[in-house]
Each structure stands twice: as C-alpha cells, then as structure tokens.
Amino acid sequence: MMRRITVVGVAVPGLLLAGFGLVHPSFLAPSTATAWWQLHVLLIPIFPLLAVALWVLLRGERGVLAWVARIAAYGYATFYTALDVLAGIGAGIVTEVEQGGSQAALDLLALGDQLGAIGAWCFLLAGALTGVVLIRRAGAWAVPGTLVLVGAGIVFLGSHIYYPVGVFAMVAVAVGCALLAAARRPVNRVESVSREPVAQPTS
C-alpha cells in the first residue's frame, strides 16, 4: 500500500506542471502579461516539488552519489524558482504596467533564463544520479525509469513547461519518477545498522 502511495505521490509534481503547461502563454506580450505573471505566482510552490519527488526516491540512501543527487535537486529548486520569480512574475508585471516591450522586462527575462538554465541542468544531474543510485540497489528494474527521467530532463533543458514539448517533458518526468518508485527496493534497516562498527567482546 505504501509503495502505491509513493508511486502516485512522486508522479504528482510532474503531472501538475504538465497541467499548468497546457494553459501557459506561449509568449509574453501586453495581451498575455496578466495571465503570465499570475500563473507564475501559482507555480512558486509547484516547481520545487520536482526536487521533493527525487528526495522521496532517495530516502534512506547513503553514499556520495545519493548526497550529490540531493544537493543537485536543491540547486534545481532554488535556481528554477528564481526563473519563476524574475522571468515569470517580474517580467510579466513590468510588461503589464508598461503595456509594451521594455529593457527592464528583457533584462528580467534574460537573467531569469540564465538562472533557470542552471536549475534545469541541476535537475538533469539529480535525476541521472538518482537513477544510478536506484539501479545499484534494484538492478535492471530501475533502468526504464532512469532512462525516461533522464530523457525528460534533457528535453526540459530547453522546453520549460511550454505546450507541447514542455508538457510532454513533465509527463515523462512523472512517468520516470513513478517507474523508479515502483522499482525501488526499501532500504533495509538491518543493512544500515550492519554498517555501524560492532563492539568487540572483552575477555
């Protein structure tokens, strides 16, 4: 039962973002500015959930790769939120107020895109490392989910969540995370304890 809940739970962030992508304006202009920035306000708590999904998949895992994956997921959450705020909310409001193109809006979009690119690369790294960690634990069962998640991360680098490519990427993220959750073997508590030094009996 818990595994089913986990499978569904880690798929939810990608599906939510795919849904938002269906209504995301394809360009920023005075006619779309209001919808643009208001949508990105709603997305503030949603984008970081992709990192949470990876953290859930990595729960209980030890080792350098697992921790680098967690840190990269955090990097995604922070830098991609910066994109959301600057290029989404900031540039949208400036365009709405000025009712036209402006250097301020262009600067916000440019900086947001640069930070968002860092975030997207962090997500790709986090997804790939999460897959490697789970392959080491679950074997070939984790390969399909890893391939789907990494492929989605590559597409995400240049697609944001724009329809149709970005929406497809987010659905693929959801599928990849769900497949990894289904393949994941629980970390054995005994296994973790066995790594602790054992006191030797004294004579």
# chains A, B, ... in the order shown; residues from 1 in each chain; ligands from 1

call {"tool": "residues_around", "arguments": {"residues": "Val8 in chain A", "least_positions_apart": "3", "cutoff": "9 Å", "atoms": "only C-alpha atoms", "output": "number ranges by chain"}}
result
A: 3-5, 11-12, 174, 178, 181

call {"tool": "write_last_selection", "arguments": {"atoms": "N, CA and C atoms", "output": "compact mmCIF listing (two decimals), in the first residue's frame"}}
result
# COMPACT_ATOMS: atom_id res chain seq x y z
N ARG A 3 3.92 1.54 -1.03
CA ARG A 3 4.60 1.69 -2.32
C ARG A 3 3.67 2.34 -3.35
N ARG A 4 2.40 1.96 -3.35
CA ARG A 4 1.46 2.56 -4.29
C ARG A 4 1.31 4.05 -4.03
N ILE A 5 1.24 4.41 -2.76
CA ILE A 5 1.12 5.83 -2.40
C ILE A 5 2.36 6.59 -2.88
N ALA A 11 4.72 11.05 -8.79
CA ALA A 11 4.26 11.41 -10.13
C ALA A 11 3.47 12.72 -10.14
N VAL A 12 2.92 13.08 -8.99
CA VAL A 12 2.03 14.25 -8.93
C VAL A 12 2.70 15.56 -9.37
N ALA A 174 6.99 12.64 -14.65
CA ALA A 174 6.05 11.92 -13.78
C ALA A 174 6.16 10.42 -13.98
N ALA A 178 7.60 7.68 -11.26
CA ALA A 178 6.71 6.59 -10.85
C ALA A 178 7.35 5.23 -11.10
N ALA A 181 9.95 4.65 -8.46
CA ALA A 181 9.33 4.34 -7.17
C ALA A 181 8.83 2.91 -7.14

call {"tool": "closest_atom_pairs", "arguments": {"of": "range 124-173 of chain A", "to": "range 67-74 of chain A", "cutoff": "7 Å", "atoms": "only C-alpha atoms", "output": "JSON lines"}}
result
{"residue": "A:Leu125", "atom": "CA", "partner": "A:Ala72", "partner_atom": "CA", "distance": 6.5}
{"residue": "A:Ala126", "atom": "CA", "partner": "A:Ala69", "partner_atom": "CA", "distance": 4.3}
{"residue": "A:Leu129", "atom": "CA", "partner": "A:Ala69", "partner_atom": "CA", "distance": 5.5}
{"residue": "A:Thr130", "atom": "CA", "partner": "A:Ala69", "partner_atom": "CA", "distance": 6.0}

call {"tool": "write_last_selection", "arguments": {"atoms": "N, CA and C atoms", "output": "PDB file, in the first residue's frame"}}
result
ATOM      1  N   LEU A 125      21.078  16.495 -13.637  1.00  0.00           N
ATOM      2  CA  LEU A 125      22.105  15.798 -12.850  1.00  0.00           C
ATOM      3  C   LEU A 125      21.468  15.021 -11.702  1.00  0.00           C
ATOM      4  N   ALA A 126      20.542  15.655 -11.001  1.00  0.00           N
ATOM      5  CA  ALA A 126      19.885  14.998  -9.871  1.00  0.00           C
ATOM      6  C   ALA A 126      19.111  13.768 -10.328  1.00  0.00           C
ATOM      7  N   LEU A 129      21.636  10.924 -11.325  1.00  0.00           N
ATOM      8  CA  LEU A 129      22.276  10.313 -10.167  1.00  0.00           C
ATOM      9  C   LEU A 129      21.282   9.504  -9.333  1.00  0.00           C
ATOM     10  N   THR A 130      20.050  10.007  -9.236  1.00  0.00           N
ATOM     11  CA  THR A 130      19.015   9.233  -8.537  1.00  0.00           C
ATOM     12  C   THR A 130      18.814   7.888  -9.217  1.00  0.00           C
TER      13      THR A 130
END

call {"tool": "select_by_dssp", "arguments": {"residues": "range 62-135 of chain A", "states": "alpha helix (DSSP H)", "output": "ChimeraX atom specification"}}
result
/A:64-83,91-98,103-135

call {"tool": "residues_around", "arguments": {"residues": "Ala82 in chain A", "least_positions_apart": "3", "cutoff": "7 Å", "atoms": "only C-alpha atoms", "output": "PDB file with N, CA and C atoms, in the first residue's frame"}}
result
ATOM      1  N   THR A  78      16.074  25.904  -6.101  1.00  0.00           N
ATOM      2  CA  THR A  78      16.377  27.309  -5.855  1.00  0.00           C
ATOM      3  C   THR A  78      16.511  28.101  -7.157  1.00  0.00           C
ATOM      4  N   PHE A  79      17.308  27.602  -8.076  1.00  0.00           N
ATOM      5  CA  PHE A  79      17.558  28.360  -9.301  1.00  0.00           C
ATOM      6  C   PHE A  79      16.331  28.418 -10.201  1.00  0.00           C
ATOM      7  N   VAL A  85      10.292  33.620 -10.532  1.00  0.00           N
ATOM      8  CA  VAL A  85      10.054  34.949  -9.962  1.00  0.00           C
ATOM      9  C   VAL A  85      10.472  36.062 -10.930  1.00  0.00           C
ATOM     10  N   LEU A  86      11.660  35.931 -11.520  1.00  0.00           N
ATOM     11  CA  LEU A  86      12.178  37.014 -12.366  1.00  0.00           C
ATOM     12  C   LEU A  86      11.510  37.067 -13.739  1.00  0.00           C
ATOM     13  N   GLY A 112      16.472  35.675 -15.702  1.00  0.00           N
ATOM     14  CA  GLY A 112      15.679  34.521 -15.306  1.00  0.00           C
ATOM     15  C   GLY A 112      16.034  33.290 -16.120  1.00  0.00           C
ATOM     16  N   LEU A 115      19.414  31.806 -14.896  1.00  0.00           N
ATOM     17  CA  LEU A 115      19.283  31.072 -13.637  1.00  0.00           C
ATOM     18  C   LEU A 115      18.461  29.796 -13.829  1.00  0.00           C
ATOM     19  N   GLY A 116      17.440  29.891 -14.677  1.00  0.00           N
ATOM     20  CA  GLY A 116      16.628  28.715 -14.958  1.00  0.00           C
ATOM     21  C   GLY A 116      17.426  27.622 -15.641  1.00  0.00           C
TER      22      GLY A 116
END

call {"tool": "residues_around", "arguments": {"residues": "range 45-53 of chain A", "least_positions_apart": "4", "cutoff": "8 Å", "atoms": "only C-alpha atoms", "output": "PDB file with C-alpha atoms, in the first residue's frame"}}
result
ATOM      1  CA  GLY A   9       2.988  10.809  -4.910  1.00  0.00           C
ATOM      2  CA  VAL A  10       6.229  11.181  -6.872  1.00  0.00           C
ATOM      3  CA  ALA A  11       4.260  11.413 -10.134  1.00  0.00           C
ATOM      4  CA  PRO A  13       4.526  17.160  -9.326  1.00  0.00           C
ATOM      5  CA  GLY A  14       5.232  16.366 -12.968  1.00  0.00           C
ATOM      6  CA  LEU A  16       0.682  19.221 -12.020  1.00  0.00           C
ATOM      7  CA  LEU A  17       3.319  21.071 -14.041  1.00  0.00           C
ATOM      8  CA  LEU A  57      13.058   8.363  -4.135  1.00  0.00           C
ATOM      9  CA  ALA A  73      17.858  18.646  -6.572  1.00  0.00           C
ATOM     10  CA  TYR A  74      18.094  21.517  -4.088  1.00  0.00           C
ATOM     11  CA  TYR A  76      17.193  22.924  -9.165  1.00  0.00           C
ATOM     12  CA  ALA A  77      14.577  24.052  -6.636  1.00  0.00           C
ATOM     13  CA  THR A  78      16.377  27.309  -5.855  1.00  0.00           C
ATOM     14  CA  TYR A  80      14.346  27.394 -11.082  1.00  0.00           C
ATOM     15  CA  THR A  81      12.311  29.315  -8.529  1.00  0.00           C
ATOM     16  CA  PHE A 123      17.567  18.701 -12.282  1.00  0.00           C
ATOM     17  CA  CYS A 177       9.634   9.012 -11.134  1.00  0.00           C
TER      18      CYS A 177
END

call {"tool": "closest_residue", "arguments": {"among": "A:Gly176, A:His24, A:Pro30, A:Arg185", "to": "Ser102 in chain A", "atoms": "only C-alpha atoms"}}
result
A:Pro30

call {"tool": "atom_distance", "arguments": {"atom1": "CA of Gly88 in chain A", "atom2": "CA of Val150 in chain A"}}
result
25.5 Å

call {"tool": "closest_residue", "arguments": {"among": "A:Ala117, A:Ile44, A:Leu108, A:Leu54", "to": "Phe20 in chain A", "atoms": "only C-alpha atoms"}}
result
A:Ile44

call {"tool": "residues_around", "arguments": {"residues": "Trp37 in chain A", "least_positions_apart": "2", "cutoff": "6 Å", "atoms": "only C-alpha atoms", "output": "ChimeraX atom specification"}}
result
/A:34-35,39-40,88-89,92

call {"tool": "write_last_selection", "arguments": {"atoms": "C-alpha atoms", "output": "PDB file, in the first residue's frame"}}
result
ATOM      1  CA  THR A  34      -1.546  39.346 -16.684  1.00  0.00           C
ATOM      2  CA  ALA A  35      -2.079  35.635 -17.234  1.00  0.00           C
ATOM      3  CA  LEU A  39       0.266  31.779 -13.493  1.00  0.00           C
ATOM      4  CA  HIS A  40       3.844  32.030 -12.245  1.00  0.00           C
ATOM      5  CA  GLY A  88       7.618  34.932 -14.771  1.00  0.00           C
ATOM      6  CA  ILE A  89       6.311  37.368 -12.181  1.00  0.00           C
ATOM      7  CA  GLY A  92       5.089  39.824 -16.563  1.00  0.00           C
TER       8      GLY A  92
END
